[in-house]
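Q: Sharing a structure, written as structure tokens. Questions coming.
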Number of protein chains: 6
Amino acid sequence: MTTQDITRPAAELVEGIRQMGAATASSTLFHMGIRNAHICGPTAWTKGKAVAGPALTLQFMPKREDLYGEDEYAEPERQLHRHVLYHTRPGDIVVVDARGDMRSGVFGEMMLTYFKGKGGAGVVIDGCIRDYVHVQHLDLGLWLRGVTPNFHTQTDIMPFAVNVPIACGGVLVMPGDIIVADDDGAAVVPVALAGKVIEQAHVRHEWEDFAREKLSEGGDLRRYYPLTEAARPEYEAWLKRQATSATS
Amino acid sequence: MTTQDITRPAAELVEGIRQMGAATASSTLFHMGIRNAHICGPTAWTKGKAVAGPALTLQFMPKREDLYGEDEYAEPERQLHRHVLYHTRPGDIVVVDARGDMRSGVFGEMMLTYFKGKGGAGVVIDGCIRDYVHVQHLDLGLWLRGVTPNFHTQTDIMPFAVNVPIACGGVLVMPGDIIVADDDGAAVVPVALAGKVIEQAHVRHEWEDFAREKLSEGGDLRRYYPLTEAARPEYEAWLKRQATSATS
Amino acid sequence: MTTQDITRPAAELVEGIRQMGAATASSTLFHMGIRNAHICGPTAWTKGKAVAGPALTLQFMPKREDLYGEDEYAEPERQLHRHVLYHTRPGDIVVVDARGDMRSGVFGEMMLTYFKGKGGAGVVIDGCIRDYVHVQHLDLGLWLRGVTPNFHTQTDIMPFAVNVPIACGGVLVMPGDIIVADDDGAAVVPVALAGKVIEQAHVRHEWEDFAREKLSEGGDLRRYYPLTEAARPEYEAWLKRQATSATS
Amino acid sequence: MTTQDITRPAAELVEGIRQMGAATASSTLFHMGIRNAHICGPTAWTKGKAVAGPALTLQFMPKREDLYGEDEYAEPERQLHRHVLYHTRPGDIVVVDARGDMRSGVFGEMMLTYFKGKGGAGVVIDGCIRDYVHVQHLDLGLWLRGVTPNFHTQTDIMPFAVNVPIACGGVLVMPGDIIVADDDGAAVVPVALAGKVIEQAHVRHEWEDFAREKLSEGGDLRRYYPLTEAARPEYEAWLKRQATSATS
Amino acid sequence: MTTQDITRPAAELVEGIRQMGAATASSTLFHMGIRNAHICGPTAWTKGKAVAGPALTLQFMPKREDLYGEDEYAEPERQLHRHVLYHTRPGDIVVVDARGDMRSGVFGEMMLTYFKGKGGAGVVIDGCIRDYVHVQHLDLGLWLRGVTPNFHTQTDIMPFAVNVPIACGGVLVMPGDIIVADDDGAAVVPVALAGKVIEQAHVRHEWEDFAREKLSEGGDLRRYYPLTEAARPEYEAWLKRQATSATS
Amino acid sequence: MTTQDITRPAAELVEGIRQMGAATASSTLFHMGIRNAHICGPTAWTKGKAVAGPALTLQFMPKREDLYGEDEYAEPERQLHRHVLYHTRPGDIVVVDARGDMRSGVFGEMMLTYFKGKGGAGVVIDGCIRDYVHVQHLDLGLWLRGVTPNFHTQTDIMPFAVNVPIACGGVLVMPGDIIVADDDGAAVVPVALAGKVIEQAHVRHEWEDFAREKLSEGGDLRRYYPLTEAARPEYEAWLKRQATSATS
């Protein structure tokens, strides 16, 4: 059995998206016409982790016993959740449509150890993993609906296709799209738009650090965010002080 | 744009399944190892209709504005919900994974008039149609989650693929599988199992009409259903009377 | 296997509750301190039917294969959904906690034909039946969440106990409580309160027919409902006219 | 206690919207930038009814015993669900945010008899009514989530405000907006847009009747819907025949 | 644009409620007739934080494009989520009815930095925030349904009113009510009842520390909680030992 | 009032199950025919805790005011949530069907302090506790749906029975079954199968540590998991090195 690999985006695209984080990617995409980039459902189970990478995709379907039977248990090579991992290259992110199922653990410790060994960056699953007892220590980014002691085909779903378009958390993910995920959750950046997203997000306001400092001191929101003309001299004075203190 | 047609099962297979109805098909499949054949969610909106036929499938995905835009409104030929109907042959049933969406009307009056004109037997939609005001009079079988005034891509979903495997109501439907639907709901009969389903369902107990009559008169369930040896002479006497009255 | 029968309330209690209907029973109970008597979830599948009767109860539980196996399929006498029906006396109502399951048909045509043959009045199921194609013609009252082609133990639940306290539609039902059901839905009247419910509901306002007529003609709600002192002479004149026309 | 009345739109606006029905109103609004006009949740409980009219609104809130107590039961004039009805003028539609509650019957027979007596056209409730046993015969249009024997404040909600902006079925309804409802469900037409909606919807294709006839006879969807230039001569011939047969 | 400020309760009321915590406030209110004070849905995202303060309220509604358009993006002063923050005084708590939406981030880092700068104590949102990556370090109390990379009007909701009565987590919150929140969740104390709540909660049993110690050592629940007469001498001996050890 | 105690399994059974953890117990049971042992809904609120023990069970039912009234508040001995704790022996686990209710706190600090004092190992609740502020420090294992400031009978449920069969998280739990719970969640091991589960789980592959190491270094999944014949010499060499380094 062979499954298709994905086309990976240029490393600088991935890096550019990674640096902005999920929140900036999502709002930038909105201003480009994409209403919702948030993979809503899976949440951060590894607080503090922030990753970006191309999407390897795995699709589960409702189990049908005429199509998924004893063979799959006996012959590991027929199990598609293994195949999606075979494609792993450093920095990849596996995205799984597990149909929101809370009683199936898509991957366990051995699968994710292998994924980590191959350089995998994280998994985003509209469903669960198992062996979280051990998996939490693997230093992978995990965005999940939950965890379960059950394994992946124990109840109502079965792996069905690898590296095909999937719906995950109410969002369409194409194989090779860039996933960006952190404590805010995971978002998908359509690969064809990634360059423009980076470009547009760069038009970020250089006065934000100044504004943040002012607001944290009780400054007026109307004056400092967005920065008004009235506050600009104050900002420029601040900039100079910054420069001075940096060089001192 | 071209989409793939399906391979249709032999007419006698379809007819055999149609005659048994959804309940018998579902329980027979269970005894063959298929736990759940019920497309759960869509219900009968045309009470009394009973159909069976090969599945043409249509898959919706979460809408993504970079993939579904103004063009689709302007150029009807790019709309996949039209393409699935182009394949219609007499007796076909269109099955749609509309993701349970209650705010999108997958088909309206004109589409379903065309489908009926081509001999379509019914639609099973994990979602809604619109124009039900008029569609209810088209003499089609309709198994739906509901109806809506909205059209198909008005809110969050877009048609994505035709005649591919889909999940509908928690069940996997392969293009060309046999759908059987009546007031109990819709069920899927995997096409490769259809012959065996017909064969096994034939082993129906010929004494059921007798038992039903007895039970309706207050007869003992333990005695008549299933038929006991003790009741067999009574059944045989009944059989004779039936024969007599039929010939008289 | 033997299961326990219920203690049935006096016929006049049942009849008294039946005459008031579910809405009056529910609001009268509220004024006696019972906040919610509505079995919420099951709805009327036999419009126009109105019944009251003592509750035979059946409890389903999540299926566990060590407790429910092949035997149950082979030996009908081990199936508890049969046993609850064995207790049927004329006017009884079977209430089933089927856990809201939409993929299990608790009873089919043969079981319900037997129930009807024994004089059963209706069923209230927090779940589904199957064979609705035929069952709808049995002249039973049916309050259901839905219908399905699947049979009762096909997926995730199994019958577990007969004539025990159950939760149904968010309400506790004790075996022998009085169920009253009509197009508004089903409600439970605790048997110990039934007499008082009948007594209190009798304090119904004899001027309601007059008020209804006035309101339907565009009369002022403030004046006629509840009836004001100002409108009383008008009401009394109406009463006289009623008497006259009745005797004429 | 006094509550505010609404400003009603011109009769011809209401009539224009009524004639197009919910489906056309909804799709026309979409093309004007309103993604979703469908009040999703309440469905048609009076099949065949089609109404349009200005919205009187009633807002329920979670019950809080310090704000809603015994007084409301004793003094009908403090009950806001009565007050919204006091404003009824012929053709009005009452829209209620009952928070999707399935255990509270917002209105009963007497209230709705009064509403009908005043010329009310219909109610749209994100929740339930009670006394449906009788109310179904009142010849009102009813769009509901369901019915219940319970009355309006029996469990968790209380009426809170009349003729204020409300959310109903996931849509914002302003007092005085035009509601249009039929078997497809209910939709809201913002009153300021109603004129434009009528104008735009008029640009309906005069060839639709021809196309419908052709499709129902098995005609090619690509040729007849939308009408192609190639089919236009055929359409014109049909038009002539229509004219002839109409005058013959 | 101006929005209304709230009337703040006396500082000692707020402090009294803060000291008892959410659990004691909730159960005390129950014994005063308020069944449910728990804002159910939002949970503690800042474990260990415990706050109390007057409620500033913000109401979201389903987005309607005729009422919320490009202007709001262009002119920050039209954005109501900013206006609610303008009212912040030290110790205030912002409570938001975001309709349980999981795809809208009501506030981001800059807004919450400003809120913190003004002395805000915490936010309770029936919905999400964004920028949690940074916000978690602001030392604010956060009770949320979740987090998202999306901003507040990105999908289906829009801010609609400030300092009006709102429903939040199934509870009615009036502007100026006292919110008390800790790891058990958030509860609302109607401001008019706050004094009485403090008074009644004071009737706490002074023997609870003794009982807790006994129970933790395996003491009999029946004997020590509530304290029986039989255990009173033991308690008094304990009290003396406490006094001794305290002074030693 | 007396409630029944449970029969506890042999200590070595409990210990055997505890050592394998929830994931291994669940998958082993699957291979013995039990599809789903996962108590799905309650999750780990005490990360890192891992327990196993016999189930004491507590069943809640929808509250009915004629059966649960003022007495229960006045006379603690009538409260069944106390009674289930009276049976606590060291290592016991209390499992509660609280009907998924998010507004009722089944146990508070005093009850759980007593439970801990008696040696209780943990609680699994399809619902909530209160006083989590304090309870989190008791060093008990907690598997919960959530926490709330409300107490156990504040809104819609009441304790109904002790040490009876219950449904919890979609699974049937019999009193005395062995519960095993860790960060993956809680699972139920039917007591009659516990011995066999331990036996079968022992057939674990002794090469797993080797495989894990290889995978973590980027080794080929196909080669090392499951271990192929080709990799066996490598494994044996590894084993020798292990032995050597252990003795050095």
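Chain labels follow the order of the structure tokens: the first chain is A, the next B, and so on; residue numbering restarts at 1 in every chain, and ligands are counted from 1 in their shown order.
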Got a sec: who's within 7 Å of stretch 95-104 of chain D, counting only C-alpha atoms, leaving out chain neighbours fewer than 6 positions off, as number ranges by chain?
A: C: 40; D: 55-60, 123-128, 146, 148, 150-155, 166-168
Q: What does the file look like for those residues with N, CA and C atoms, as a short mmCIF file (atom, residue, chain, number, x, y, z; two decimals), in the first residue's frame?
A:
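What follows is the written file result-v8.cif:
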```
data_model
loop_
_atom_site.label_atom_id
_atom_site.label_comp_id
_atom_site.auth_asym_id
_atom_site.auth_seq_id
_atom_site.Cartn_x
_atom_site.Cartn_y
_atom_site.Cartn_z
N CYS C 40 -39.62 15.63 28.77
CA CYS C 40 -39.19 16.48 27.66
C CYS C 40 -38.23 15.74 26.74
N ALA D 55 -42.63 42.77 13.23
CA ALA D 55 -42.28 42.00 14.43
C ALA D 55 -42.56 42.77 15.71
N LEU D 56 -43.45 42.24 16.54
CA LEU D 56 -43.51 42.59 17.95
C LEU D 56 -42.54 41.63 18.63
N THR D 57 -41.71 42.12 19.54
CA THR D 57 -40.71 41.22 20.12
C THR D 57 -40.89 41.05 21.63
N LEU D 58 -40.55 39.86 22.09
CA LEU D 58 -40.61 39.52 23.52
C LEU D 58 -39.32 38.80 23.88
N GLN D 59 -38.66 39.29 24.91
CA GLN D 59 -37.39 38.70 25.34
C GLN D 59 -37.55 37.99 26.67
N PHE D 60 -37.16 36.71 26.72
CA PHE D 60 -37.07 35.98 27.99
C PHE D 60 -35.63 36.04 28.48
N VAL D 123 -46.89 33.58 15.11
CA VAL D 123 -45.85 33.70 16.13
C VAL D 123 -44.63 32.90 15.70
N VAL D 124 -43.46 33.44 16.01
CA VAL D 124 -42.19 32.77 15.76
C VAL D 124 -41.48 32.70 17.10
N ILE D 125 -41.29 31.51 17.62
CA ILE D 125 -40.77 31.37 18.98
C ILE D 125 -39.56 30.46 19.01
N ASP D 126 -38.46 30.96 19.52
CA ASP D 126 -37.30 30.10 19.76
C ASP D 126 -37.54 29.41 21.10
N GLY D 127 -38.51 28.53 21.06
CA GLY D 127 -39.00 27.84 22.25
C GLY D 127 -40.34 27.20 21.92
N CYS D 128 -41.20 27.11 22.91
CA CYS D 128 -42.43 26.32 22.77
C CYS D 128 -43.68 27.10 23.13
N GLY D 146 -41.06 23.62 19.48
CA GLY D 146 -41.81 22.48 19.96
C GLY D 146 -42.98 22.92 20.80
N THR D 148 -45.16 21.94 24.69
CA THR D 148 -44.97 21.39 26.02
C THR D 148 -46.25 21.59 26.82
N ASN D 150 -46.04 22.39 29.93
CA ASN D 150 -45.66 23.37 30.96
C ASN D 150 -46.04 24.79 30.55
N PHE D 151 -46.25 25.68 31.54
CA PHE D 151 -46.50 27.08 31.17
C PHE D 151 -45.19 27.87 31.17
N HIS D 152 -45.30 29.17 30.89
CA HIS D 152 -44.11 29.91 30.44
C HIS D 152 -43.03 30.12 31.49
N THR D 153 -43.38 30.21 32.76
CA THR D 153 -42.34 30.47 33.76
C THR D 153 -42.19 29.29 34.70
N GLN D 154 -42.57 28.11 34.23
CA GLN D 154 -42.60 26.96 35.12
C GLN D 154 -41.20 26.49 35.51
N THR D 155 -40.25 26.61 34.64
CA THR D 155 -38.92 26.12 35.00
C THR D 155 -37.86 27.23 35.07
N ILE D 166 -33.98 41.65 19.85
CA ILE D 166 -33.77 40.31 20.41
C ILE D 166 -32.98 39.45 19.43
N ALA D 167 -32.37 38.40 19.97
CA ALA D 167 -31.79 37.34 19.14
C ALA D 167 -32.83 36.23 19.09
N CYS D 168 -33.11 35.76 17.90
CA CYS D 168 -34.07 34.64 17.78
C CYS D 168 -33.55 33.69 16.71
#
```
Q: For chain A, list the residues within 7 Å of chain B, counting only C-alpha atoms, and write the list as a short mmCIF file (atom, residue, chain, number, x, y, z; two decimals) with C-alpha atoms, in the first residue's frame.
A:
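Below is the file iface-v5.cif, written as the result:
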```cif
data_model
loop_
_atom_site.label_atom_id
_atom_site.label_comp_id
_atom_site.auth_asym_id
_atom_site.auth_seq_id
_atom_site.Cartn_x
_atom_site.Cartn_y
_atom_site.Cartn_z
CA GLY A 33 -11.35 37.60 2.83
CA ILE A 34 -10.99 34.35 4.82
CA MET A 61 -14.74 7.79 8.55
CA PRO A 62 -17.55 6.03 10.41
CA ARG A 64 -17.96 -0.10 8.46
CA GLU A 65 -17.17 -3.68 9.29
CA ALA A 167 -12.45 19.11 7.43
CA GLY A 170 -15.00 23.31 11.05
CA VAL A 171 -12.23 24.33 8.66
CA LEU A 172 -11.03 22.84 5.37
#
```
Q: In Å to one decimal, how far is atom CA of E:Gly176 from atom CA of E:Arg8?
A: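 Between these atoms lies a distance of 5.6 Å.
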Q: Quick check, in Å to one decimal: how far apart do atom CA of D:Ala181 and atom CA of D:His83 lie?
A: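 The value is 23.3 Å.
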